[in-house]
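Next up, work.cif (mmCIF, C-alpha atoms):
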```
data_upload
loop_
_atom_site.label_atom_id
_atom_site.label_comp_id
_atom_site.auth_asym_id
_atom_site.auth_seq_id
_atom_site.Cartn_x
_atom_site.Cartn_y
_atom_site.Cartn_z
CA MET A 1 9.26 109.76 51.86
CA HIS A 2 12.91 108.71 51.72
CA LEU A 3 15.18 110.02 54.47
CA ARG A 4 18.45 108.50 53.31
CA LEU A 5 20.92 109.40 50.59
CA THR A 6 20.86 107.35 47.41
CA ASP A 7 23.93 105.34 46.45
CA GLU A 8 24.86 108.05 43.95
CA GLN A 9 24.52 110.79 46.55
CA LYS A 10 26.61 108.78 49.03
CA MET A 11 29.32 108.40 46.38
CA VAL A 12 29.43 112.16 45.79
CA GLN A 13 29.54 112.81 49.54
CA GLU A 14 32.35 110.31 50.07
CA THR A 15 34.38 111.65 47.14
CA ILE A 16 34.17 115.20 48.45
CA ARG A 17 35.00 114.01 51.97
CA LYS A 18 38.16 112.30 50.72
CA PHE A 19 39.14 115.40 48.74
CA VAL A 20 38.77 117.56 51.86
CA GLU A 21 40.77 115.11 53.99
CA LYS A 22 43.54 114.62 51.44
CA GLU A 23 43.90 118.05 49.82
CA LEU A 24 42.48 120.70 52.18
CA ILE A 25 42.89 119.69 55.83
CA PRO A 26 46.68 119.17 55.42
CA LEU A 27 46.90 122.86 54.45
CA GLU A 28 45.37 124.12 57.71
CA ASN A 29 48.64 124.78 59.54
CA GLU A 30 49.95 126.68 56.51
CA VAL A 31 46.76 128.75 56.36
CA LEU A 32 46.96 129.57 60.08
CA ARG A 33 50.61 130.57 59.70
CA ASN A 34 49.88 132.77 56.67
CA GLU A 35 47.03 134.51 58.46
CA ARG A 36 49.13 135.14 61.58
CA GLU A 37 51.72 136.80 59.33
CA GLY A 38 49.11 138.93 57.57
CA LYS A 39 49.39 137.05 54.30
CA PRO A 40 46.51 135.70 52.15
CA SER A 41 45.25 132.37 53.47
CA LEU A 42 45.96 130.72 50.13
CA SER A 43 47.76 132.09 47.09
CA LYS A 44 45.80 132.42 43.85
CA GLU A 45 48.09 129.81 42.33
CA LYS A 46 47.39 127.31 45.11
CA LEU A 47 43.63 127.85 44.88
CA LYS A 48 43.75 127.30 41.12
CA GLU A 49 45.78 124.12 41.64
CA LEU A 50 43.19 122.80 44.10
CA GLN A 51 40.33 123.66 41.75
CA LEU A 52 41.99 121.74 38.92
CA LYS A 53 42.46 118.73 41.22
CA ALA A 54 38.77 118.87 42.03
CA LYS A 55 38.00 119.13 38.32
CA LYS A 56 39.93 115.91 37.70
CA ALA A 57 37.69 114.25 40.27
CA GLY A 58 34.63 115.46 38.34
CA PHE A 59 33.80 118.50 40.44
CA TRP A 60 33.69 121.54 38.18
CA GLY A 61 30.74 123.89 38.10
CA ILE A 62 28.90 121.79 40.66
CA ASN A 63 25.80 124.01 40.58
CA THR A 64 26.28 125.15 36.97
CA PRO A 65 23.75 123.94 34.35
CA ALA A 66 25.00 121.17 32.07
CA GLU A 67 24.58 123.39 29.00
CA TYR A 68 27.41 125.54 30.39
CA GLY A 69 29.65 122.58 31.10
CA GLY A 70 28.67 122.15 34.74
CA ALA A 71 27.65 119.17 36.86
CA ASP A 72 24.28 120.69 37.91
CA ILE A 73 24.01 118.37 40.90
CA GLY A 74 20.96 120.06 42.40
CA GLN A 75 20.51 122.13 45.53
CA MET A 76 20.27 119.34 48.08
CA MET A 77 23.46 117.69 46.82
CA LEU A 78 25.08 121.12 46.76
CA ALA A 79 24.19 121.46 50.45
CA ILE A 80 25.80 118.09 51.18
CA VAL A 81 28.93 119.19 49.32
CA GLN A 82 28.96 122.48 51.25
CA ILE A 83 28.72 120.63 54.55
CA GLU A 84 31.72 118.48 53.66
CA VAL A 85 33.86 121.38 52.40
CA SER A 86 33.03 123.36 55.55
CA LYS A 87 34.70 120.74 57.73
CA THR A 88 37.86 122.73 57.12
CA PHE A 89 38.46 126.47 57.34
CA VAL A 90 40.79 126.40 54.32
CA PRO A 91 39.08 128.96 52.02
CA PHE A 92 38.37 126.73 49.04
CA GLN A 93 35.65 127.08 46.44
CA PHE A 94 35.04 124.97 43.36
CA GLY A 95 35.82 126.36 39.94
CA GLY A 96 33.39 126.71 37.07
CA ILE A 97 30.64 128.54 38.95
CA ALA A 98 28.90 131.89 38.69
CA ASP A 99 26.35 133.86 40.72
CA ASN A 100 22.86 132.45 40.26
CA ILE A 101 21.37 135.74 39.04
CA LEU A 102 23.89 136.06 36.20
CA TYR A 103 21.88 133.42 34.36
CA TYR A 104 19.13 136.00 33.94
CA GLY A 105 21.37 137.99 31.61
CA ASN A 106 20.61 138.30 27.90
CA GLU A 107 22.75 136.47 25.36
CA GLU A 108 25.29 139.27 25.06
CA GLN A 109 25.61 139.58 28.84
CA LYS A 110 26.07 135.84 29.16
CA LYS A 111 28.83 135.98 26.56
CA GLN A 112 30.57 138.95 28.18
CA TYR A 113 30.12 138.11 31.87
CA LEU A 114 28.58 134.70 32.62
CA ILE A 115 30.82 132.50 30.47
CA PRO A 116 34.10 134.23 31.48
CA THR A 117 33.06 133.88 35.15
CA ILE A 118 32.32 130.18 34.75
CA ASN A 119 35.67 129.74 32.98
CA GLY A 120 37.49 131.54 35.79
CA ASP A 121 38.59 134.46 33.62
CA LYS A 122 36.50 137.02 35.52
CA LYS A 123 35.38 137.47 39.12
CA SER A 124 32.09 139.00 40.21
CA CYS A 125 30.53 140.37 43.35
CA PHE A 126 27.01 141.36 44.37
CA ALA A 127 26.34 144.71 46.05
CA MET A 128 23.14 145.62 47.86
CA THR A 129 24.15 146.44 51.45
CA GLU A 130 24.92 150.07 52.29
CA PRO A 131 26.16 151.84 55.43
CA GLY A 132 22.56 152.81 56.19
CA ALA A 133 20.75 149.94 54.51
CA GLY A 134 21.37 146.32 55.41
CA SER A 135 18.33 144.12 55.81
CA ASP A 136 16.06 147.16 55.39
CA THR A 137 16.28 147.62 51.63
CA ARG A 138 13.96 150.62 51.83
CA GLY A 139 17.01 152.52 53.05
CA ILE A 140 19.00 152.08 49.83
CA THR A 141 20.28 155.48 48.71
CA THR A 142 22.56 154.53 45.80
CA THR A 143 20.95 156.02 42.71
CA ALA A 144 21.13 155.53 38.97
CA VAL A 145 19.93 158.43 36.81
CA LYS A 146 19.28 158.08 33.08
CA ASP A 147 21.41 160.30 30.85
CA GLY A 148 20.93 159.56 27.17
CA ASN A 149 21.92 155.95 26.53
CA GLU A 150 23.73 155.69 29.84
CA TRP A 151 22.93 155.56 33.53
CA VAL A 152 24.96 157.54 36.06
CA ILE A 153 25.43 155.73 39.38
CA ASN A 154 26.25 157.46 42.67
CA GLY A 155 26.42 155.93 46.11
CA GLU A 156 28.28 153.65 48.48
CA LYS A 157 28.04 149.94 49.28
CA THR A 158 29.59 148.13 52.23
CA PHE A 159 30.47 144.63 53.46
CA ILE A 160 30.66 143.31 49.92
CA THR A 161 32.12 139.80 49.72
CA GLY A 162 34.73 139.57 46.97
CA GLY A 163 34.50 143.28 46.29
CA ASN A 164 38.26 143.80 46.46
CA GLU A 165 38.99 141.11 43.89
CA ALA A 166 36.00 141.47 41.54
CA ASP A 167 36.33 142.48 37.89
CA PHE A 168 32.68 143.51 37.83
CA VAL A 169 29.86 144.07 40.28
CA MET A 170 26.12 143.45 40.12
CA VAL A 171 24.96 146.53 41.98
CA MET A 172 21.48 147.53 43.13
CA ALA A 173 20.54 151.17 42.63
CA VAL A 174 17.33 153.17 42.96
CA THR A 175 16.04 154.17 39.54
CA ASP A 176 12.58 155.39 40.61
CA LYS A 177 12.67 157.14 44.01
CA GLU A 178 8.90 157.55 44.25
CA LYS A 179 8.20 153.85 43.65
CA HIS A 180 10.97 152.85 46.01
CA GLN A 181 9.79 155.08 48.86
CA ARG A 182 6.23 153.88 48.40
CA THR A 183 6.89 150.13 48.37
CA GLY A 184 10.48 149.61 49.51
CA THR A 185 10.87 146.97 46.81
CA ASP A 186 9.97 148.53 43.46
CA GLY A 187 12.04 151.11 41.65
CA VAL A 188 15.35 149.30 42.13
CA THR A 189 17.46 148.11 39.19
CA CYS A 190 20.43 145.75 38.98
CA PHE A 191 23.38 146.95 36.89
CA ILE A 192 26.44 145.01 35.76
CA VAL A 193 29.33 147.43 36.21
CA ASP A 194 32.92 146.72 35.16
CA ARG A 195 35.64 147.96 37.48
CA GLU A 196 37.09 149.89 34.52
CA MET A 197 33.92 151.98 34.48
CA GLY A 198 35.19 153.76 37.57
CA TRP A 199 33.96 152.27 40.85
CA LYS A 200 36.51 151.85 43.62
CA SER A 201 36.86 149.35 46.46
CA GLU A 202 38.50 149.46 49.88
CA TYR A 203 39.32 146.58 52.23
CA ILE A 204 37.34 146.44 55.50
CA HIS A 205 39.19 144.88 58.44
CA THR A 206 37.06 142.60 60.63
CA MET A 207 37.50 140.44 63.74
CA GLY A 208 37.64 137.38 61.46
CA GLU A 209 39.71 136.47 58.44
CA TRP A 210 36.87 137.50 56.11
CA GLY A 211 37.81 140.71 54.31
CA PRO A 212 34.80 142.41 52.68
CA ALA A 213 34.96 145.64 50.74
CA GLY A 214 33.42 149.06 50.71
CA LEU A 215 32.51 150.17 47.18
CA VAL A 216 32.23 153.79 46.04
CA PHE A 217 30.37 154.92 42.91
CA ASP A 218 31.10 158.52 41.99
CA ASN A 219 29.32 159.47 38.75
CA VAL A 220 30.04 156.05 37.29
CA ARG A 221 28.55 155.88 33.80
CA VAL A 222 27.05 152.56 32.72
CA PRO A 223 25.63 151.77 29.26
CA GLU A 224 21.96 150.87 29.13
CA GLU A 225 22.75 147.39 27.84
CA ASN A 226 24.35 146.59 31.21
CA ILE A 227 21.01 146.42 33.00
CA LEU A 228 20.52 142.90 34.38
CA GLY A 229 16.89 141.94 34.08
CA GLU A 230 14.32 144.73 33.85
CA VAL A 231 14.44 148.39 34.82
CA ASP A 232 12.90 148.79 38.31
CA GLY A 233 12.83 144.97 38.64
CA GLY A 234 16.10 144.35 40.42
CA TYR A 235 14.67 143.68 43.87
CA GLN A 236 13.49 140.17 42.96
CA LEU A 237 16.96 139.35 41.65
CA GLY A 238 18.38 140.52 44.97
CA LEU A 239 15.97 138.28 46.89
CA GLU A 240 16.97 135.29 44.79
CA TRP A 241 20.67 135.94 45.39
CA ILE A 242 20.16 136.32 49.14
CA GLY A 243 17.78 133.36 49.37
CA PHE A 244 20.49 131.07 48.00
CA ALA A 245 23.07 132.52 50.38
CA ARG A 246 20.93 131.91 53.47
CA TRP A 247 20.74 128.15 53.38
CA VAL A 248 24.45 128.07 52.45
CA VAL A 249 25.20 129.74 55.82
CA GLY A 250 23.27 126.96 57.56
CA ALA A 251 25.15 124.26 55.64
CA THR A 252 28.48 125.93 56.41
CA ALA A 253 27.65 125.96 60.12
CA VAL A 254 26.70 122.27 60.07
CA GLY A 255 29.97 121.22 58.42
CA ALA A 256 32.14 123.27 60.74
CA ALA A 257 30.21 122.12 63.82
CA GLU A 258 30.59 118.45 62.89
CA ARG A 259 34.36 118.84 62.59
CA LEU A 260 34.55 120.82 65.84
CA LEU A 261 32.43 118.32 67.75
CA GLN A 262 34.70 115.48 66.64
CA MET A 263 37.70 117.48 67.86
CA ALA A 264 35.99 117.87 71.26
CA ILE A 265 35.19 114.14 71.46
CA ASP A 266 38.77 113.16 70.62
CA TYR A 267 40.27 115.69 73.05
CA SER A 268 37.95 114.76 75.91
CA LYS A 269 39.12 111.15 75.69
CA GLU A 270 42.79 112.18 75.88
CA ARG A 271 42.72 115.01 78.42
CA GLU A 272 42.82 113.84 82.01
CA THR A 273 42.00 115.65 85.24
CA PHE A 274 42.33 114.09 88.68
CA GLY A 275 43.31 110.78 87.11
CA ARG A 276 40.38 110.40 84.73
CA PRO A 277 39.59 111.52 81.16
CA ILE A 278 37.35 114.55 81.12
CA ALA A 279 35.06 112.49 78.86
CA ASP A 280 33.95 110.79 82.07
CA ARG A 281 32.65 114.09 83.46
CA GLN A 282 28.95 114.76 83.11
CA ALA A 283 29.61 118.43 82.38
CA ILE A 284 31.53 117.43 79.26
CA GLN A 285 29.11 114.66 78.26
CA TRP A 286 26.14 116.99 78.27
CA GLN A 287 27.91 119.57 76.12
CA ILE A 288 28.75 116.85 73.59
CA ALA A 289 25.19 115.50 73.63
CA ASP A 290 23.56 118.92 73.22
CA SER A 291 25.90 119.74 70.35
CA ALA A 292 25.16 116.48 68.53
CA VAL A 293 21.39 116.99 68.77
CA GLU A 294 21.57 120.60 67.59
CA ILE A 295 23.82 119.70 64.63
CA GLU A 296 21.38 117.04 63.42
CA ALA A 297 18.42 119.42 63.76
CA ALA A 298 20.23 122.10 61.76
CA LYS A 299 21.26 119.60 59.10
CA TRP A 300 17.67 118.53 58.47
CA LEU A 301 16.51 122.14 58.24
CA VAL A 302 19.17 122.76 55.58
CA LEU A 303 18.35 119.59 53.64
CA ASN A 304 14.62 120.32 53.76
CA ALA A 305 15.17 123.84 52.45
CA THR A 306 17.27 122.60 49.55
CA PHE A 307 15.04 119.60 48.79
CA THR A 308 12.09 121.98 48.57
CA LEU A 309 14.01 124.16 46.12
CA ASP A 310 14.83 121.11 43.99
CA GLN A 311 11.09 120.45 43.72
CA GLY A 312 10.62 123.90 42.20
CA GLU A 313 8.82 125.17 45.31
CA ASP A 314 9.33 128.42 47.22
CA ASN A 315 11.87 127.68 49.96
CA ARG A 316 12.42 131.17 51.37
CA HIS A 317 10.66 130.44 54.66
CA LEU A 318 12.66 127.25 55.15
CA ALA A 319 15.89 128.98 54.10
CA SER A 320 15.35 131.60 56.80
CA MET A 321 14.76 128.87 59.38
CA ALA A 322 17.90 127.00 58.27
CA LYS A 323 19.96 130.17 58.42
CA LEU A 324 18.64 131.30 61.83
CA TYR A 325 18.93 127.96 63.59
CA GLY A 326 22.10 126.87 61.81
CA ALA A 327 24.01 130.06 62.55
CA ASN A 328 23.08 129.99 66.25
CA MET A 329 23.82 126.28 66.49
CA GLY A 330 27.28 126.89 65.04
CA ASN A 331 27.97 129.61 67.60
CA ASN A 332 26.81 127.37 70.45
CA VAL A 333 28.92 124.42 69.34
CA VAL A 334 32.17 126.31 68.79
CA ASP A 335 31.76 127.98 72.18
CA ARG A 336 31.33 124.60 73.89
CA VAL A 337 34.25 123.08 72.00
CA LEU A 338 36.52 125.96 72.97
CA GLN A 339 35.43 125.54 76.59
CA ILE A 340 36.14 121.81 76.51
CA HIS A 341 39.65 122.51 75.20
CA GLY A 342 40.25 125.13 77.90
CA GLY A 343 43.30 127.34 77.47
CA MET A 344 44.51 125.46 74.39
CA GLY A 345 41.24 126.23 72.64
CA TYR A 346 41.88 129.94 73.11
CA THR A 347 45.32 129.82 71.50
CA ARG A 348 46.10 130.20 67.83
CA GLU A 349 47.89 126.86 67.85
CA LEU A 350 44.51 125.24 67.22
CA PRO A 351 41.89 126.42 64.70
CA ILE A 352 39.10 126.65 67.28
CA GLU A 353 39.55 130.36 68.07
CA ARG A 354 39.60 131.09 64.33
CA TRP A 355 36.30 129.30 63.87
CA TYR A 356 35.00 131.12 66.96
CA ARG A 357 35.62 134.47 65.25
CA GLU A 358 34.24 133.29 61.91
CA ALA A 359 31.11 131.79 63.44
CA ARG A 360 30.04 135.10 64.94
CA LEU A 361 29.59 136.46 61.45
CA TRP A 362 27.08 133.76 60.51
CA ARG A 363 24.43 135.43 62.67
CA ILE A 364 24.88 138.75 60.87
CA TYR A 365 25.46 138.56 57.13
CA ASP A 366 22.82 137.60 54.54
CA GLY A 367 20.13 138.65 57.00
CA THR A 368 20.61 138.99 60.77
CA ASP A 369 18.97 136.75 63.38
CA GLU A 370 16.45 139.50 63.99
CA ILE A 371 15.50 139.75 60.32
CA GLN A 372 15.10 135.96 60.01
CA ARG A 373 12.78 135.98 63.04
CA LEU A 374 10.82 138.83 61.49
CA ILE A 375 10.45 136.93 58.21
CA ILE A 376 9.47 133.64 59.85
CA SER A 377 6.93 135.17 62.23
CA ARG A 378 5.44 137.43 59.54
CA ASN A 379 4.95 134.48 57.18
CA LEU A 380 3.09 132.59 59.91
CA LEU A 381 1.04 135.51 61.25
CA LYS A 382 -0.07 136.61 57.79
CA GLY A 383 -0.90 133.07 56.71
CA HIS A 384 1.67 132.88 53.92
CA VAL A 385 2.91 129.68 55.58
CA LYS A 386 0.92 127.25 57.73
CA VAL A 387 2.27 125.52 60.81
CA GLY A 388 3.38 122.03 59.78
CA GLN A 389 3.13 122.89 56.07
CA PHE A 390 6.53 121.47 55.13
CA ILE A 391 7.08 117.79 55.69
#
```
Go ahead and render the structure in this file as structure tokens.
Amino acid sequence: MHLRLTDEQKMVQETIRKFVEKELIPLENEVLRNEREGKPSLSKEKLKELQLKAKKAGFWGINTPAEYGGADIGQMMLAIVQIEVSKTFVPFQFGGIADNILYYGNEEQKKQYLIPTINGDKKSCFAMTEPGAGSDTRGITTTAVKDGNEWVINGEKTFITGGNEADFVMVMAVTDKEKHQRTGTDGVTCFIVDREMGWKSEYIHTMGEWGPAGLVFDNVRVPEENILGEVDGGYQLGLEWIGFARWVVGATAVGAAERLLQMAIDYSKERETFGRPIADRQAIQWQIADSAVEIEAAKWLVLNATFTLDQGEDNRHLASMAKLYGANMGNNVVDRVLQIHGGMGYTRELPIERWYREARLWRIYDGTDEIQRLIISRNLLKGHVKVGQFI
């Protein structure tokens, strides 16, 4: 067992860290100002410029297979990269990537959707959640009915990340109601649907800066060749998409919490009360200590989940643990850091209140706290996972 990064992994980590410090963190005041004025955090042109700078540094398609021109650095290294990028709230993502389930497309689908997405010519989104069906997929009511060589889709999706900007959506719809009602998992199919085929999106305002979309499908006709995977076999694709997203939430929380904790440490040394730095106060020291311990615990849960995936093993149990603990850790840390900063932490002059609003979402999307606890306990009670199995 080796619990330290290799020299190569350290080099990647350090390169990303320098990129974040040099290119992203200096943009934070601009992002805060844009958001206060109701403007996009970053313009499309600025994001593209940043992506090209990252490409020059060798970071293009970081989780994309080499055969598609990507770096394919592996899941654990991807987690390390995510932690570093999450040390800023500047909404940056690397270019040259595509949703993991798009790789299950046939050759024509890869040519029409996967390659253009990797190249940055098209944007995608994934749609499973509905107003009455979040974690309980048995409640999905969006349907797709066969009509000749086409399928007609009707229904509504909600809280879809990237849904307002996407050129096409990978949408889950019930294609066999009887199977779906009986099992809750079968009878669901994934369709690739171009925006031009007729679906509409609407921005959903939230307490954070994240702006998801509601999608409406009203007799949207989709050709049969746009089925991703197999008819009635879409549920497994959905699980794979969500499984990836869960450990990413944990990694995001770790990165943000590390940056926030450092802000609290620096501030506590400078801020004085009654003639002494507040860093001398036990109340502050304990908050810093608790935060440091929780961050390290969450980090190892994330790294274990991704290391397991790199070994070709099922990591869903570990991903749920990383998501549950990481999301709650992030909420605890940002709350403490805001408290340490007092009134200044509550203002929009500092990014702490922004992170406070963003962090609350981590416990909800891609499976709520309650669903993660259900999954973890069910795996243990039914014997799918043994206590102490992962080491």
Closest pair table for range 179-276 of chain A residues within 12 Å of range 26-38 of chain A, all atoms listed in the file, as a tab-separated table:
```
residue	atom	partner	partner_atom	distance
A:His205	CA	A:Gly38	CA	11.6
A:Gly208	CA	A:Glu35	CA	10.3
A:Glu209	CA	A:Glu35	CA	7.6
A:Trp210	CA	A:Glu35	CA	10.8
A:Gly211	CA	A:Glu35	CA	11.9
```
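All protein, DNA and RNA residues at most 9 Å from (10.5, 127.1, 54.5) are Leu301, Asn304, Ala305, Thr308, Asp314, Asn315, Arg316, His317, Leu318, Ala319, Ser320, Met321, Ala322, Ile376, Val385, Gln389 and Phe390 of chain A, using all atoms listed in the file.
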Hits from the PyMOL selection byres ((chain A and resi 263-276) around 12), listed as a ChimeraX atom specification: /A:87-88,256-262,277-289,291-292,333-342,344-345,350-352
What would the list of residues within 9 Å of (25.5, 144.4, 43.6) (file frame) look like as a ChimeraX atom specification, if only C-alpha atoms are what count? /A:125-129,157,160,169-173,190-193,238
Any idea what's packed within 7 Å of range 141-147 of chain A, counting all atoms listed in the file, ignoring anything in its chain fewer than 2 positions away? Could you give it as an mmCIF file with C-alpha atoms, keeping the file's coordinate frame?
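Heads up, here's the output in part_21.cif:
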```cif
data_model
loop_
_atom_site.group_PDB
_atom_site.id
_atom_site.type_symbol
_atom_site.label_atom_id
_atom_site.label_comp_id
_atom_site.auth_asym_id
_atom_site.auth_seq_id
_atom_site.Cartn_x
_atom_site.Cartn_y
_atom_site.Cartn_z
ATOM 1 C CA GLY A 139 17.010 152.520 53.050
ATOM 2 C CA ASN A 149 21.920 155.950 26.530
ATOM 3 C CA GLU A 150 23.730 155.690 29.840
ATOM 4 C CA TRP A 151 22.930 155.560 33.530
ATOM 5 C CA VAL A 152 24.960 157.540 36.060
ATOM 6 C CA ILE A 153 25.430 155.730 39.380
ATOM 7 C CA ASN A 154 26.250 157.460 42.670
ATOM 8 C CA GLY A 155 26.420 155.930 46.110
ATOM 9 C CA GLU A 156 28.280 153.650 48.480
ATOM 10 C CA ALA A 173 20.540 151.170 42.630
ATOM 11 C CA VAL A 174 17.330 153.170 42.960
ATOM 12 C CA THR A 175 16.040 154.170 39.540
#
```
Do a neighbour search on Arg17 in chain A at 9 Å with all atoms listed in the file, toss out local chain neighbours closer than 6 positions, and write the hits as a VMD selection string. chain A and resid 81 84 to 85 87
List the neighbours of Met207 in chain A out to 10 Å using all atoms listed in the file; skip same-chain residues closer than 5 positions along the sequence, and give me the result as a PyMOL selection string. chain A and resi 354+357-358+360-361
Matched chain/residue IDs from the PyMOL selection byres ((chain A and resi 104-108) around 9), as a VMD selection string: chain A and resid 100 to 103 109 to 114 225 227 to 229 237
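If you measure from each of A:Phe217, A:Ala98, A:Glu178, A:Gly198 to Tyr68 in chain A using all atoms listed in the file, the closest one turns out to be A:Ala98.
You will find CA of Asp194 in chain A at 17.8 Å from CA of Gly234 in chain A.
The shortest atom-to-atom distance to Leu52 in chain A, with all atoms listed in the file taken into account, belongs to A:Asn119 out of A:Asn119, A:Thr306, A:Thr137, A:Gln181.
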Could you work out how far CA of Lys323 in chain A lies from CA of Val249 in chain A, giving the answer in Å with one decimal? 5.9 Å
Given the choices A:Ala327, A:Ala133, A:Asp232, A:Pro223, which gets closest to His180 in chain A if the distance is worked out from only C-alpha atoms? A:Asp232
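Applied to the file shown here, the PyMOL selection byres ((chain A and resi 51) around 8) selects Leu47, Lys48, Glu49, Leu50, Leu52, Lys53, Ala54, Lys55, Trp60, Gln93, Phe94 and Gly95 of chain A.
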Computed gap from CA of Leu309 in chain A to CA of Arg373 in chain A is 20.7 Å
Please provide the set of residues having any atom within 10 Å of range 363-368 of chain A, restricted to only C-alpha atoms, with same-chain residues fewer than 2 positions apart removed, written as a VMD selection string. chain A and resid 129 134 to 136 159 241 to 250 320 323 to 331 359 to 361 370 to 375
Repaired coordinates for range 144-157 of chain A (N, CA and C atoms) as a PDB file, in the frame of the given file:
```pdb
ATOM      1  N   ALA A 144      20.722 155.592  40.369  1.00  0.00           N
ATOM      2  CA  ALA A 144      21.130 155.530  38.970  1.00  0.00           C
ATOM      3  C   ALA A 144      20.180 156.430  38.187  1.00  0.00           C
ATOM      4  N   VAL A 145      20.743 157.447  37.541  1.00  0.00           N
ATOM      5  CA  VAL A 145      19.930 158.430  36.810  1.00  0.00           C
ATOM      6  C   VAL A 145      20.222 158.300  35.319  1.00  0.00           C
ATOM      7  N   LYS A 146      19.146 158.240  34.533  1.00  0.00           N
ATOM      8  CA  LYS A 146      19.280 158.080  33.080  1.00  0.00           C
ATOM      9  C   LYS A 146      19.831 159.359  32.448  1.00  0.00           C
ATOM     10  N   ASP A 147      20.821 159.173  31.575  1.00  0.00           N
ATOM     11  CA  ASP A 147      21.410 160.300  30.850  1.00  0.00           C
ATOM     12  C   ASP A 147      21.707 159.814  29.429  1.00  0.00           C
ATOM     13  N   GLY A 148      20.781 160.056  28.533  1.00  0.00           N
ATOM     14  CA  GLY A 148      20.930 159.560  27.170  1.00  0.00           C
ATOM     15  C   GLY A 148      20.850 158.053  27.141  1.00  0.00           C
ATOM     16  N   ASN A 149      21.877 157.410  26.589  1.00  0.00           N
ATOM     17  CA  ASN A 149      21.920 155.950  26.530  1.00  0.00           C
ATOM     18  C   ASN A 149      22.709 155.345  27.689  1.00  0.00           C
ATOM     19  N   GLU A 150      22.970 156.159  28.695  1.00  0.00           N
ATOM     20  CA  GLU A 150      23.730 155.690  29.840  1.00  0.00           C
ATOM     21  C   GLU A 150      22.975 155.971  31.142  1.00  0.00           C
ATOM     22  N   TRP A 151      23.418 155.295  32.188  1.00  0.00           N
ATOM     23  CA  TRP A 151      22.930 155.560  33.530  1.00  0.00           C
ATOM     24  C   TRP A 151      24.114 156.004  34.379  1.00  0.00           C
ATOM     25  N   VAL A 152      23.895 157.020  35.215  1.00  0.00           N
ATOM     26  CA  VAL A 152      24.960 157.540  36.060  1.00  0.00           C
ATOM     27  C   VAL A 152      24.686 157.102  37.498  1.00  0.00           C
ATOM     28  N   ILE A 153      25.614 156.316  38.049  1.00  0.00           N
ATOM     29  CA  ILE A 153      25.430 155.730  39.380  1.00  0.00           C
ATOM     30  C   ILE A 153      26.262 156.477  40.422  1.00  0.00           C
ATOM     31  N   ASN A 154      25.589 156.815  41.542  1.00  0.00           N
ATOM     32  CA  ASN A 154      26.250 157.460  42.670  1.00  0.00           C
ATOM     33  C   ASN A 154      25.805 156.786  43.966  1.00  0.00           C
ATOM     34  N   GLY A 155      26.777 156.526  44.829  1.00  0.00           N
ATOM     35  CA  GLY A 155      26.420 155.930  46.110  1.00  0.00           C
ATOM     36  C   GLY A 155      27.557 155.097  46.666  1.00  0.00           C
ATOM     37  N   GLU A 156      27.262 154.435  47.774  1.00  0.00           N
ATOM     38  CA  GLU A 156      28.280 153.650  48.480  1.00  0.00           C
ATOM     39  C   GLU A 156      27.679 152.338  48.953  1.00  0.00           C
ATOM     40  N   LYS A 157      28.424 151.262  48.789  1.00  0.00           N
ATOM     41  CA  LYS A 157      28.040 149.940  49.280  1.00  0.00           C
ATOM     42  C   LYS A 157      29.069 149.491  50.312  1.00  0.00           C
TER      43      LYS A 157
END
```
